[in-house]
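Working notes for the structure below.
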Amino acid sequence: MRAMIQLHRQFWFWPLLLIAGLWLALLALPPLAGVKAVYLDTDKLIFLLVSGVLLLAGYIRSREHLRGPWRHIFRQRRAMIALVVLLFFIVCGLLDSVHFRKPLPSQGVTQQRYSVKVLSLLDILLDDMRRNVEKTYSAPLATHLFAKETVTLENGDVERRYVRLKYGGRDLTDPASQKWPNIRDLATRGVVVGAIIWLVLSAGLTAIFARHQRQPVAVMAKRVYRGDTDIPWRSIYLSLLLMLILLAVLLTLSTEYHVLGTDKVGQDVLYQSIKSIRTGLVIGTLTTLVMLPFAIVLGVMAGYFRSWVDDVIQYLYTTLSSIPGVLLIAAAILSIQVYIANHPALFETALDRADLRLLALCVILGITSWTTLCRLLRGETLKLREMEYIQAATALGVGQFTILGRHVLPNVMHIVLIIVVLDFSSLVLAEAVLSYIGVGVDPSTLSWGNMINGARLELARDPVVWWSLVAAFCLMFSLVLAANLFADAVRDAFDPRLREQG
Amino acid sequence: MFAYIIRRVLYAIPILIGVNLLTFALFFVVNSPEDMARMHLGEKRVTEQAIEKWKQNRGYDKPLLYNVQAEGVQVLTDTIFFTKSVRLFVLDFGSADDGRNIGQDILQRMWPSLAIAIPVFIVGLLVNITFALLLAFFRATYIDIWGVIGCVILMSISTLFYIIGGQYLIGKTLQLVPISGYDFGLNSFKFLVLPVLVGIIGGIGAGTRWYRTIFLEEINRDYVRTARAKGLSELRVLFRHVLKNAMIPILTGAVVVIPLLFMGSLLTESFFAIPGLGAYTIEAIQAQDFAIVRAMVFLGSVMYIVGLVLTDISYTLVDPRIRLN
Amino acid sequence: MHDPSDILLCVRDLQVHFGSPAQPVRAVDGVSFDIRRGESFALLGESGCGKSVTALSILQLVPAPAGRIAGGEVWFDGTDLLGQSELQMRQIRGSRISMIFQEPMTSLNPVMTVGEQISEVLQQHLDLRGRAGRERSIELLDAVGLPAPARRIGDYPHQLSGGMKQRVMIAMALAGEPDLLIADEPTTALDVTIQAQVLELLARLQQDTGMAILFITHDLGVVADTMDHVAVMYAGQVVEKAARGAFFAQPLHPYSRKLFAAVPGGHKRGQLLETIRGSVPPLDRKFTACRFVERCDEAWLRCHEQLPPWIEQSAEGESHGVRCLRYAPDIDVPAVTPGSVAVVKDSAASASRDGSLVRVRDLKVHFPITKGLFHRAVGQVYAVDGVDLDIASGRTVALVGESGCGKTTAGKAILQLIRPTSGTVHYRDQDLTRLTGKALRQQRAHMQIIFQDPFSSMDPRMLVRNILEEGIRAQAIATRAEQRQTRVESLLAHVGLPVSAAKRYPHEFSGGQRQRIAIARALAVNPGFIVCDEPTSALDVSVQAQTLNLLKDLQAKMGLSYLFITHNLSVVDYLAHEVAVMYLGRIVEQGRVADIMQDPLHPYTQALLSAVPTIDKAAGREVIRLAGELPSPINPPRGCHFHPRCPQAMPECQQAYPDLTLLDNMHQVRCFLYPAN
């Protein structure tokens with residue numbers, strides 16, 4: 001009985017509760033909503049990762065010495081602003097990882113059938129953008145197509161002119177005079193909506209913290225306003241406000257316009273670049289997930305056991321790292337392409353195929369990138385095994401593997417963390433390059449690399465079709481910059497002396 | 001010293017064998033030549049003859065490792081492994097899908113690659129060290145703080161955008177130099193300026209930040225305090241003491257990439273239409289020409305290992321602690 | 001009184017702050033002292049008292065922006081140093097005031113030759129370049145006693161030994177012909193025999209050049225040997241200042257007196273050492289009372305209420321200042337009942353003399369030097385080369401020697417933490433060298449180790465409870481959680497820590513407390529024998545005393561045997577029953593502590609003992625100077641390993657290693673001076 005009461009004090013209690021809730025929702029909600037859930041391999045791994053992160057967060061909260069460095073991070077303004085931006089990306093990515101198929105209108109009493117089109121929660125949120133497909137290129141916020149087209153008039157004459165868009169500014173009778181006032185109205189509405197959401201959110205948060213710190217809400221709010229808090233709440237709220245307003249403006253505008261224009265086949269560019277977030281996040285995180293077990297087990301074993309184990313592992317990673325990364329990835333992806341091309345029967349939908357390729361890319365990137373971490377861990381373990389507390393454990397008669405698990409592993413975890421966050425941004429950047437070369441994600445997957453690749457050739461046009469590039473650039477840049485700034489803070493907090501290279 | 005180099009070179013052999021086996025497995029075991037033929041020929045219903053012919057043209061019609069039909073040494077030599085993988089060791093790269101000799105191609109295409117890579121490498125190193133020294137000199141001031149943030153911003157921009165931006169701004173808007181293309185001889189200069197510039201600017205962020213970390217690490221060492229206690233000026237401390245020590249990790253870190261320089265840059269060359277090895281590799285990847293990719297993988301590994309050996313040697317040359325032991 | 005113009009350096013009310021301006025750490029808080037021309041002035045204090053920061057701020061070398069000089073004045077030969085610009089300071093640094101540092105290993109630039117580094121100073125301050133600079137550099141190296149200076153000038157620091165590096169540092173400091181040399185713990189990183197060489201050198205140079213020396217140290221013994229004046233620092237302040245003679249004759253401040261009392265020595269064997277309770281107060285606040293009040297045995301009510309004044313007494317023309325209320329002229333000082341000296345039972349008498357608990361025979365540890373792909377052995381490091389030891393139950397055997405002589409390796413090899421190359425180690429009747437795996441792990445309960453560094457010997461990520469439980473679990477001593485809990489609590493009680501310590505992390509404790517935890521960890525598995533590997537050498541003298549008391553007390557209560565590895569001979573004299581002196585992998589002399597300390601036979605032991613600076617030495621002690629330093633154990637000298645440095649070397653010493661000579665009373669020595677009978 002006493003044990004039961006103590007349960008909620010265990011570090012895993014709240015995380016496990018959350019995880020259970022999450023998984024239950026993922027399993028039970030689709031049938032309730034009448035859709036057929038689709039769990040892609042990457043989806044499963046993503047939610048596995050989320051669960052892992054939750055558990056880890058719980059564990060860290062329970063350990064004072066782990067909490068210290070995090071507290072340091074949470075007190076840095078730059079890192080926290082970066083975190084707010086990152087959170088928006090993460091939420092987008094998670095929403096885009098819940099996939100399902102909508103039911104088709106049922107015909108009689110036969111078994112319910114589902115659409116072949118796999119959608120995600122994000123698609124539902126961005127339904128307008130997804131569905132409002134124009135004929136071809138149109139500039140941001142345009143009401144007409146980008147290039148003149150030959151149209152047959154009602155009287156049979158043929159004329160070259162800019163054709164009105166099907167969706168962009170469709171309610172306007174006279175686009176020339178009405179467009180900008182209309183945009184201004186929409187934007188104002190967006191600002192107001194964003195501000196209201198922010199007010200509710202920040203008021204709620206402040207109330208929670210006030211309760212947590214046992215202070216009246218007004219006092220807490222005043223402290224936040226004056227910037228008199230350990231954690232830079234004022235900056236966090238401000239960046240939250242900016243992000244929310246930006247998001248709300250974009251969303252309200254996109255109900256009637258293509259905010260960032262459309263691409264060659266008339267797809268909304270804003271929709272594409274938002275959908276690309278998931279691809280970037282998957283590559284940045286799942287790659288790490290793939291490589292971590294190898295890097296940790298091999299690196300620690302090499303450093304701890306020395307002798308032939310060390311020789312073999314060193315040989316392994318020197319060999320792997322001696323192959324130029326891009327070429328190894330190219331070779332492996334080419335091989336997988338051959339495999340996919342020759343086994344079409346394995347994949348139910350095109351999305352399945354694209355997903356396998358994405359996963360394969362993660363695995364291959366993981367294989368090429370574990371060597372750095374492995375080498376660092378080996379070096380650190382070599383240092384640790386000479387530490388006196390490990391000798392003391394040996395002297396006490398503790399077994400070798402217990403020592404590895406109890407003393408070595410926890411003491412190299414900070415390096416793992418630093419490398420993981422540092423690698424994230426370089427992986428996101430690598431995706432673009434690889435997709436450009438043609439050994440990245442599947443051409444049908446929406447990704448920044450594919451967007452750049454598609455838009456690159458249009459740079460030669462006059463006037464230039466610049467919006468796809470700019471959209472991809474802006475989103476990629478903000479994600480990578482936020483990740484880099486956050487990674488810097490993590491490195492400073494955990495081990496400022498660790499060099500990012502070498 | 002000489003014995004040391006020999007020993008280092010001998011170390012490299014097992015690694016090269018490993019690379020060779022790995023590429024062999026990747027190209028011939030994971031997917032059989034049959035699969036490759038099918039994919040290359042494209043059609044769903046290719047005839048057996050077409051596949052056989054495709055394989056024969058490329059010498060893929062042999063057994064992988066062991067030829068039961070052959071006699072004597074040929075049991076081992078008349079196989080795909082021997083003709084395609086083992087022969088890489090004597091730098092016999094075979095021929096590409098279009099029948100051209102890969103070795104010849106490489107010899108010809110390495111010069112444009114070097115013409116870009118060497119200036120980028122040298123000027124980039126100088127620029128990065130200069131910036132890093134500046135930041136180290138102004139350490140813990142606003143110049144340093146914002147300099148580092150600037151580096152992070154530069155690092156967060158994809159190489160693709162440096163290239164596209166450079167092409168658009170300098171080539172198209174300002175029309176200072178041609179956007180792309182290449183010419184041999186002195187004429188090549190105007191084609192090289194832009195790619196070299198882009199290469200240097202693209203590397204500033206990461207390079208400067210890394211070197212700054214090295215400088216700061218050295219600045220906090222005891223011998224710097226000794227130097228200050230001698231009454232030396234801050235500049236003298238920085239240049240004579242800190243720089244001299246920091247150059248050891250910087251130079252030896254740079255040495256490892258020198259051999260790889262002639263492999264060229266994949267992106268720059270293909271964007272600027274420079275007929276170097278990087279563009280060659282990309283074309284091969286896009287055309288799925290396995291022979292070329294295999295050759296480049298092996299060559300790249302050889303170059304990396306040469307770089308490792310050079311790094312070790314340069315350590316012994318630069319660092320008196322190692323040189324004199 | 002002295003002529004005021006005689007004063008070279010005058011520090012007044014110096015304040016140095018670190019950290020945020022809102023709540024600064026006052027590392028130096030109102031330090032004042034004067035140094036006269038040509039005198040040697042010692043700044044004495046334990047770690048963290050602010051003595052190094054004081055020295056650095058004289059040269060304005062306090063690391064910015066973390067630290068800053070917040071107030072006070074520093075006058076040097078009529079110039080206000082704190083008012084000087086950076087440019088002007090450069091003219092002074094290295095030229096009028098030079099400084100040498102504690103770590104000669106890291107204080108020299110590794111990629112510049114010794115000559116370059118010296119001539120840099122000559123160029124900067126004397127404008128000596130080229131040939132002239134080179135010649136002067138050679139002269140300087142010669143002056144500091146570096147052998148073959150013309151050849152050494154092209155050497156890089158790593159080619160020199162620690163003592164030679166410190167000589168180079170001194171040559172560099174002398175190059176600018178300074179009026180004041182600041183020496184920040186210049187001998188702390190060196191072995192005693194080398195320390196003696198360097199101290200002698202400094203004294204000689206001072207005589208030759210007439211420069212003043214500000215000598216920063218924590219070692220009372222060093223001060224006693226050579227200094228003219230002493231200032232004792234505590235928690236950022238000077239608490240006592242006097243001429244050396246007066247200070248050693250009668251230290252006034254309770255803290256100074258405690259320091260003297262805490263130094264171990266042979267004459268204190270039967271008693272517990274005096275300790276200073278508590279720890280140095282945090283310096284991040286303003287003080288309203290005496291800084292030492294919480295730790296002072298003589299404090300009374302007023303000490304808690306007011307800041308102690310600086311009181312100067314005059315004796316024999318020299319002033320003796322102290323910062324203590326006891327000496328204020330118009331105050332009634334309550335009498336202090338002198339604390340009775342606690343007596344501890346010396347376990348030697350009670351220990352059974354028959355049979356040894358640990359028996360080590362011909363122990364050898366050779367590390368192969370490998371080369372090439374197949375780890376071909378191309379040489380051997382003869383770290384331990386044939387050691388015999390017997391340790392009886394309840395006794396302490398001290399293993400003494402300079403760093404690099406193999407004493408730590410021997411200790412670890414006995415515990416099988418390093419597997420010996422050959423030889424046997426018996427614990428009772430069990431030969432440990434033959435055991436592996438589980439059998440060995442079970443035997444490990446009998447033998448434990450306490451390490452030197454209390455900071456690296458505990459996993460920073462474990463609670464003290466988990467640290468103590470580790471051995472209990474591994475040896476299955478208590479299987480149920482409650483039993484383990486009880487055991488942990490009793491262990492903490494044994495080493496004098498509160499039960500609440502179990503729920504804290506090691507970094508929350510001071511060095512001395514951590515060493516207690518380390519002792520408790522060793523005791524957790526009920527060992528009969530503990531190897532103490534320099535357990536006190538990282539600790540301040542007052543904390544060292546606590547640890548030694550604890551070890552002695554535990555031995556008396558539990559009948560533990562210790563192998564006490566140390567280089568500190570005064571600790572040996574206090575604690576050990578038997579002593580073994582090690583030189584280059586072998587034991588050169590062994591015997592009972594009284595015999596060895598009072599009548600050392602081996603020339604090495606004699607030199608070692610004479611080199612130890614002591615506070616209470618008889619006048620006329622002469623240091624036996626040993627030439628050179630410990631040779632490399634890769635290539636030990638032929639014959640007797642010690643002969644190249646031995647002042648009494650004979651031709652036969654080069655031929656063969658001397659046999660064991662057994663004298664009476666278990667005294668053994670390996671030297672040709674004592675022919676085997």
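Convention: chains lettered A, B, ... in structure tokens order; per-chain residue numbering from 1; ligands numbered from 1 as shown.
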
Taking only C-alpha atoms into account, report as a PyMOL selection string which residues of chain C lie within 10 Å of chain A. chain C and resi 373+375+412+415-418+437-463+467+470-475+504-505+507+518+521-522+524-525+527

Got a sec: who's within 12 Å of Tyr225 (chain A), counting only C-alpha atoms, leaving out chain neighbours fewer than 2 positions off, as a PyMOL selection string? chain A and resi 202+206+218-223+227-229+232-238

Print the selection's residues with N, CA, C and O atoms to a file, as a PDB file, in the first residue's frame.
ATOM      1  N   SER A 202      -0.311  32.913 -22.636  1.00  0.00           N
ATOM      2  CA  SER A 202       0.656  33.450 -21.678  1.00  0.00           C
ATOM      3  C   SER A 202      -0.001  33.670 -20.322  1.00  0.00           C
ATOM      4  O   SER A 202       0.637  33.465 -19.284  1.00  0.00           O
ATOM      5  N   THR A 206       1.440  31.939 -17.045  1.00  0.00           N
ATOM      6  CA  THR A 206       1.815  32.738 -15.880  1.00  0.00           C
ATOM      7  C   THR A 206       1.071  32.264 -14.648  1.00  0.00           C
ATOM      8  O   THR A 206       1.647  32.169 -13.558  1.00  0.00           O
ATOM      9  N   ALA A 218      -0.620  38.392 -10.119  1.00  0.00           N
ATOM     10  CA  ALA A 218      -0.254  39.756 -10.480  1.00  0.00           C
ATOM     11  C   ALA A 218       1.230  39.993 -10.235  1.00  0.00           C
ATOM     12  O   ALA A 218       1.940  40.579 -11.066  1.00  0.00           O
ATOM     13  N   VAL A 219       1.721  39.493  -9.098  1.00  0.00           N
ATOM     14  CA  VAL A 219       3.142  39.654  -8.774  1.00  0.00           C
ATOM     15  C   VAL A 219       3.994  38.962  -9.819  1.00  0.00           C
ATOM     16  O   VAL A 219       4.970  39.502 -10.344  1.00  0.00           O
ATOM     17  N   MET A 220       3.548  37.737 -10.157  1.00  0.00           N
ATOM     18  CA  MET A 220       4.290  36.951 -11.145  1.00  0.00           C
ATOM     19  C   MET A 220       4.321  37.702 -12.473  1.00  0.00           C
ATOM     20  O   MET A 220       5.371  37.816 -13.120  1.00  0.00           O
ATOM     21  N   ALA A 221       3.156  38.216 -12.872  1.00  0.00           N
ATOM     22  CA  ALA A 221       3.067  38.910 -14.157  1.00  0.00           C
ATOM     23  C   ALA A 221       3.978  40.130 -14.160  1.00  0.00           C
ATOM     24  O   ALA A 221       4.672  40.403 -15.141  1.00  0.00           O
ATOM     25  N   LYS A 222       4.018  40.821 -13.036  1.00  0.00           N
ATOM     26  CA  LYS A 222       4.864  42.003 -12.944  1.00  0.00           C
ATOM     27  C   LYS A 222       6.337  41.626 -13.075  1.00  0.00           C
ATOM     28  O   LYS A 222       7.115  42.281 -13.761  1.00  0.00           O
ATOM     29  N   ARG A 223       6.680  40.516 -12.413  1.00  0.00           N
ATOM     30  CA  ARG A 223       8.082  40.079 -12.490  1.00  0.00           C
ATOM     31  C   ARG A 223       8.450  39.710 -13.922  1.00  0.00           C
ATOM     32  O   ARG A 223       9.540  40.032 -14.400  1.00  0.00           O
ATOM     33  N   GLY A 227      11.172  41.522 -16.418  1.00  0.00           N
ATOM     34  CA  GLY A 227      12.317  40.660 -16.751  1.00  0.00           C
ATOM     35  C   GLY A 227      13.051  40.193 -15.509  1.00  0.00           C
ATOM     36  O   GLY A 227      14.243  39.942 -15.524  1.00  0.00           O
ATOM     37  N   ASP A 228      12.309  40.055 -14.396  1.00  0.00           N
ATOM     38  CA  ASP A 228      12.912  39.749 -13.105  1.00  0.00           C
ATOM     39  C   ASP A 228      12.673  38.273 -12.763  1.00  0.00           C
ATOM     40  O   ASP A 228      12.197  37.937 -11.699  1.00  0.00           O
ATOM     41  N   THR A 229      12.960  37.392 -13.716  1.00  0.00           N
ATOM     42  CA  THR A 229      12.788  35.959 -13.445  1.00  0.00           C
ATOM     43  C   THR A 229      14.065  35.244 -13.847  1.00  0.00           C
ATOM     44  O   THR A 229      14.792  35.713 -14.706  1.00  0.00           O
ATOM     45  N   PRO A 232      14.302  33.469 -18.625  1.00  0.00           N
ATOM     46  CA  PRO A 232      13.934  34.727 -19.297  1.00  0.00           C
ATOM     47  C   PRO A 232      12.535  34.681 -19.894  1.00  0.00           C
ATOM     48  O   PRO A 232      12.355  34.635 -21.120  1.00  0.00           O
ATOM     49  N   TRP A 233      11.520  34.690 -19.014  1.00  0.00           N
ATOM     50  CA  TRP A 233      10.150  34.538 -19.492  1.00  0.00           C
ATOM     51  C   TRP A 233       9.723  35.659 -20.415  1.00  0.00           C
ATOM     52  O   TRP A 233       8.991  35.448 -21.360  1.00  0.00           O
ATOM     53  N   ARG A 234      10.211  36.880 -20.137  1.00  0.00           N
ATOM     54  CA  ARG A 234       9.789  37.995 -20.965  1.00  0.00           C
ATOM     55  C   ARG A 234      10.179  37.739 -22.421  1.00  0.00           C
ATOM     56  O   ARG A 234       9.373  37.894 -23.330  1.00  0.00           O
ATOM     57  N   SER A 235      11.418  37.307 -22.631  1.00  0.00           N
ATOM     58  CA  SER A 235      11.858  37.025 -23.996  1.00  0.00           C
ATOM     59  C   SER A 235      11.074  35.871 -24.594  1.00  0.00           C
ATOM     60  O   SER A 235      10.737  35.868 -25.776  1.00  0.00           O
ATOM     61  N   ILE A 236      10.809  34.864 -23.762  1.00  0.00           N
ATOM     62  CA  ILE A 236      10.055  33.718 -24.270  1.00  0.00           C
ATOM     63  C   ILE A 236       8.679  34.162 -24.726  1.00  0.00           C
ATOM     64  O   ILE A 236       8.232  33.829 -25.828  1.00  0.00           O
ATOM     65  N   TYR A 237       8.002  34.961 -23.868  1.00  0.00           N
ATOM     66  CA  TYR A 237       6.663  35.429 -24.239  1.00  0.00           C
ATOM     67  C   TYR A 237       6.708  36.268 -25.510  1.00  0.00           C
ATOM     68  O   TYR A 237       5.865  36.147 -26.386  1.00  0.00           O
ATOM     69  N   LEU A 238       7.716  37.125 -25.602  1.00  0.00           N
ATOM     70  CA  LEU A 238       7.814  37.990 -26.775  1.00  0.00           C
ATOM     71  C   LEU A 238       7.993  37.175 -28.048  1.00  0.00           C
ATOM     72  O   LEU A 238       7.312  37.400 -29.051  1.00  0.00           O
TER      73      LEU A 238
END

6 Å contacts from chain A to chain B using only C-alpha atoms, as a PyMOL selection string: chain A and resi 319+322-324+327+429+477+480-481

As number ranges by chain, could you give me every residue of chain B near chain C (at most 12 Å apart, counting only C-alpha atoms)? B: 3-14, 138-141, 218-234, 236-237, 240-248, 317-325

Write the selection just made, keeping C-alpha atoms, as a PDB file, in the first residue's frame?
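Resulting contents of selection_34.pdb:
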ATOM      1  CA  ALA B   3      60.550   3.732 -41.043  1.00  0.00           C
ATOM      2  CA  TYR B   4      57.677   5.539 -39.401  1.00  0.00           C
ATOM      3  CA  ILE B   5      56.207   6.566 -42.761  1.00  0.00           C
ATOM      4  CA  ILE B   6      56.575   3.047 -44.084  1.00  0.00           C
ATOM      5  CA  ARG B   7      54.792   1.719 -41.033  1.00  0.00           C
ATOM      6  CA  ARG B   8      51.973   4.217 -41.466  1.00  0.00           C
ATOM      7  CA  VAL B   9      51.575   3.213 -45.088  1.00  0.00           C
ATOM      8  CA  LEU B  10      51.467  -0.444 -44.094  1.00  0.00           C
ATOM      9  CA  TYR B  11      48.690   0.348 -41.625  1.00  0.00           C
ATOM     10  CA  ALA B  12      46.673   1.705 -44.493  1.00  0.00           C
ATOM     11  CA  ILE B  13      46.599  -1.562 -46.388  1.00  0.00           C
ATOM     12  CA  PRO B  14      44.079  -3.442 -44.236  1.00  0.00           C
ATOM     13  CA  PHE B 138      38.460  40.863 -28.747  1.00  0.00           C
ATOM     14  CA  ARG B 139      37.365  37.915 -26.637  1.00  0.00           C
ATOM     15  CA  ALA B 140      34.457  38.439 -24.242  1.00  0.00           C
ATOM     16  CA  THR B 141      33.591  41.787 -25.824  1.00  0.00           C
ATOM     17  CA  GLU B 218      45.363  28.009 -25.918  1.00  0.00           C
ATOM     18  CA  ILE B 219      44.855  31.489 -24.475  1.00  0.00           C
ATOM     19  CA  ASN B 220      43.776  29.983 -21.169  1.00  0.00           C
ATOM     20  CA  ARG B 221      46.920  27.963 -20.791  1.00  0.00           C
ATOM     21  CA  ASP B 222      49.612  28.641 -18.212  1.00  0.00           C
ATOM     22  CA  TYR B 223      52.358  29.503 -20.662  1.00  0.00           C
ATOM     23  CA  VAL B 224      50.324  32.477 -21.890  1.00  0.00           C
ATOM     24  CA  ARG B 225      50.254  33.814 -18.360  1.00  0.00           C
ATOM     25  CA  THR B 226      54.022  33.367 -18.261  1.00  0.00           C
ATOM     26  CA  ALA B 227      54.344  35.288 -21.505  1.00  0.00           C
ATOM     27  CA  ARG B 228      52.259  38.133 -20.101  1.00  0.00           C
ATOM     28  CA  ALA B 229      54.323  38.154 -16.931  1.00  0.00           C
ATOM     29  CA  LYS B 230      57.356  38.719 -19.138  1.00  0.00           C
ATOM     30  CA  GLY B 231      55.867  42.050 -20.199  1.00  0.00           C
ATOM     31  CA  LEU B 232      55.049  41.054 -23.774  1.00  0.00           C
ATOM     32  CA  SER B 233      52.316  42.969 -25.571  1.00  0.00           C
ATOM     33  CA  GLU B 234      48.954  41.312 -26.152  1.00  0.00           C
ATOM     34  CA  ARG B 236      52.950  39.552 -29.376  1.00  0.00           C
ATOM     35  CA  VAL B 237      51.450  37.052 -26.965  1.00  0.00           C
ATOM     36  CA  ARG B 240      54.196  34.478 -31.077  1.00  0.00           C
ATOM     37  CA  HIS B 241      52.806  32.227 -28.398  1.00  0.00           C
ATOM     38  CA  VAL B 242      49.157  31.433 -28.991  1.00  0.00           C
ATOM     39  CA  LEU B 243      49.231  31.254 -32.766  1.00  0.00           C
ATOM     40  CA  LYS B 244      52.315  29.089 -32.778  1.00  0.00           C
ATOM     41  CA  ASN B 245      50.679  26.537 -30.511  1.00  0.00           C
ATOM     42  CA  ALA B 246      47.264  26.712 -32.107  1.00  0.00           C
ATOM     43  CA  MET B 247      48.730  26.166 -35.542  1.00  0.00           C
ATOM     44  CA  ILE B 248      49.530  22.591 -34.602  1.00  0.00           C
ATOM     45  CA  LEU B 317      57.173  17.791 -38.346  1.00  0.00           C
ATOM     46  CA  VAL B 318      55.303  20.584 -36.612  1.00  0.00           C
ATOM     47  CA  ASP B 319      55.150  19.513 -32.997  1.00  0.00           C
ATOM     48  CA  PRO B 320      58.549  19.392 -31.303  1.00  0.00           C
ATOM     49  CA  ARG B 321      57.081  17.224 -28.562  1.00  0.00           C
ATOM     50  CA  ILE B 322      56.550  14.464 -31.089  1.00  0.00           C
ATOM     51  CA  ARG B 323      59.377  15.276 -33.466  1.00  0.00           C
ATOM     52  CA  LEU B 324      62.032  14.931 -30.819  1.00  0.00           C
ATOM     53  CA  ASN B 325      60.759  11.782 -29.157  1.00  0.00           C
TER      54      ASN B 325
END

Please list as JSON, numbers by chain every residue within 7 Å of Ala483 (chain A), counting only C-alpha atoms and excluding residues in the same chain fewer than 4 positions away. {"A": [82, 86, 425, 479, 487]}

Filtering to N, CA, C and O atoms, could you give me those residues as a PDB file, in the first residue's frame?
ATOM      1  N   ALA A  82      15.459  30.327 -29.197  1.00  0.00           N
ATOM      2  CA  ALA A  82      15.660  29.261 -30.176  1.00  0.00           C
ATOM      3  C   ALA A  82      14.722  28.093 -29.880  1.00  0.00           C
ATOM      4  O   ALA A  82      14.142  27.500 -30.797  1.00  0.00           O
ATOM      5  N   LEU A  86      12.028  26.296 -32.216  1.00  0.00           N
ATOM      6  CA  LEU A  86      12.119  24.857 -32.453  1.00  0.00           C
ATOM      7  C   LEU A  86      10.809  24.159 -32.128  1.00  0.00           C
ATOM      8  O   LEU A  86      10.382  23.242 -32.837  1.00  0.00           O
ATOM      9  N   SER A 425      21.506  19.834 -36.879  1.00  0.00           N
ATOM     10  CA  SER A 425      21.439  20.853 -37.925  1.00  0.00           C
ATOM     11  C   SER A 425      22.241  20.456 -39.157  1.00  0.00           C
ATOM     12  O   SER A 425      21.819  20.719 -40.282  1.00  0.00           O
ATOM     13  N   LEU A 479      15.052  26.914 -38.966  1.00  0.00           N
ATOM     14  CA  LEU A 479      15.187  25.670 -38.206  1.00  0.00           C
ATOM     15  C   LEU A 479      16.651  25.431 -37.823  1.00  0.00           C
ATOM     16  O   LEU A 479      16.966  25.159 -36.660  1.00  0.00           O
ATOM     17  N   ALA A 487      21.992  24.266 -29.692  1.00  0.00           N
ATOM     18  CA  ALA A 487      23.100  23.321 -29.525  1.00  0.00           C
ATOM     19  C   ALA A 487      24.281  23.992 -28.841  1.00  0.00           C
ATOM     20  O   ALA A 487      24.944  23.389 -28.004  1.00  0.00           O
TER      21      ALA A 487
END

Which of region 369-547 of chain C DSSP labels alpha helix (DSSP H), written as an NGL selection string: :C and (407-414 or 437-443 or 464-474 or 481-494 or 511-523 or 541-547)

Identify which of the residues B:Ile51, B:Ala115, B:Ile80, B:Ile292 lies closest to Phe191 (chain B), counting only C-alpha atoms when measuring atom-to-atom distances.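 Residue with the minimum atom-to-atom distance to Phe191 (chain B): B:Ala115.
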
Which residues are near Ile283 (chain A)? Cut-off 8 Å, only C-alpha atoms, ignore same chain within fewer than 2 positions. Put them as a list in words.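 What passes the distance filter is Thr279, Gly280, Leu281, Thr285, Leu286, Thr287, Leu358, Leu361, Cys362, Leu427, Val428 and Glu431 of chain A.
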
Ser32 (chain C) environment, 9 Å, only C-alpha atoms, sequence neighbours closer than 4 positions dropped, as a PyMOL selection string: chain C and resi 10-14+72-73+237-238

Give me, please, the distance in Å between CA of Ile519 (chain C) and CA of Gly559 (chain C), quoted to one decimal.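 Pair CA of Ile519 (chain C) / CA of Gly559 (chain C) returns 14.9 Å.
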
Of the candidates B:Phe262, B:Ala25, B:Pro112, B:Ala273, which one gets nearest to Ala332 (chain A) if we count only C-alpha atoms? B:Ala25

Every residue of region 449-677 of chain C that DSSP places in strand (DSSP E or B), as a ChimeraX atom specification: /C:449-450,529-533,561-566,578-583,586-592,661-662,668-669
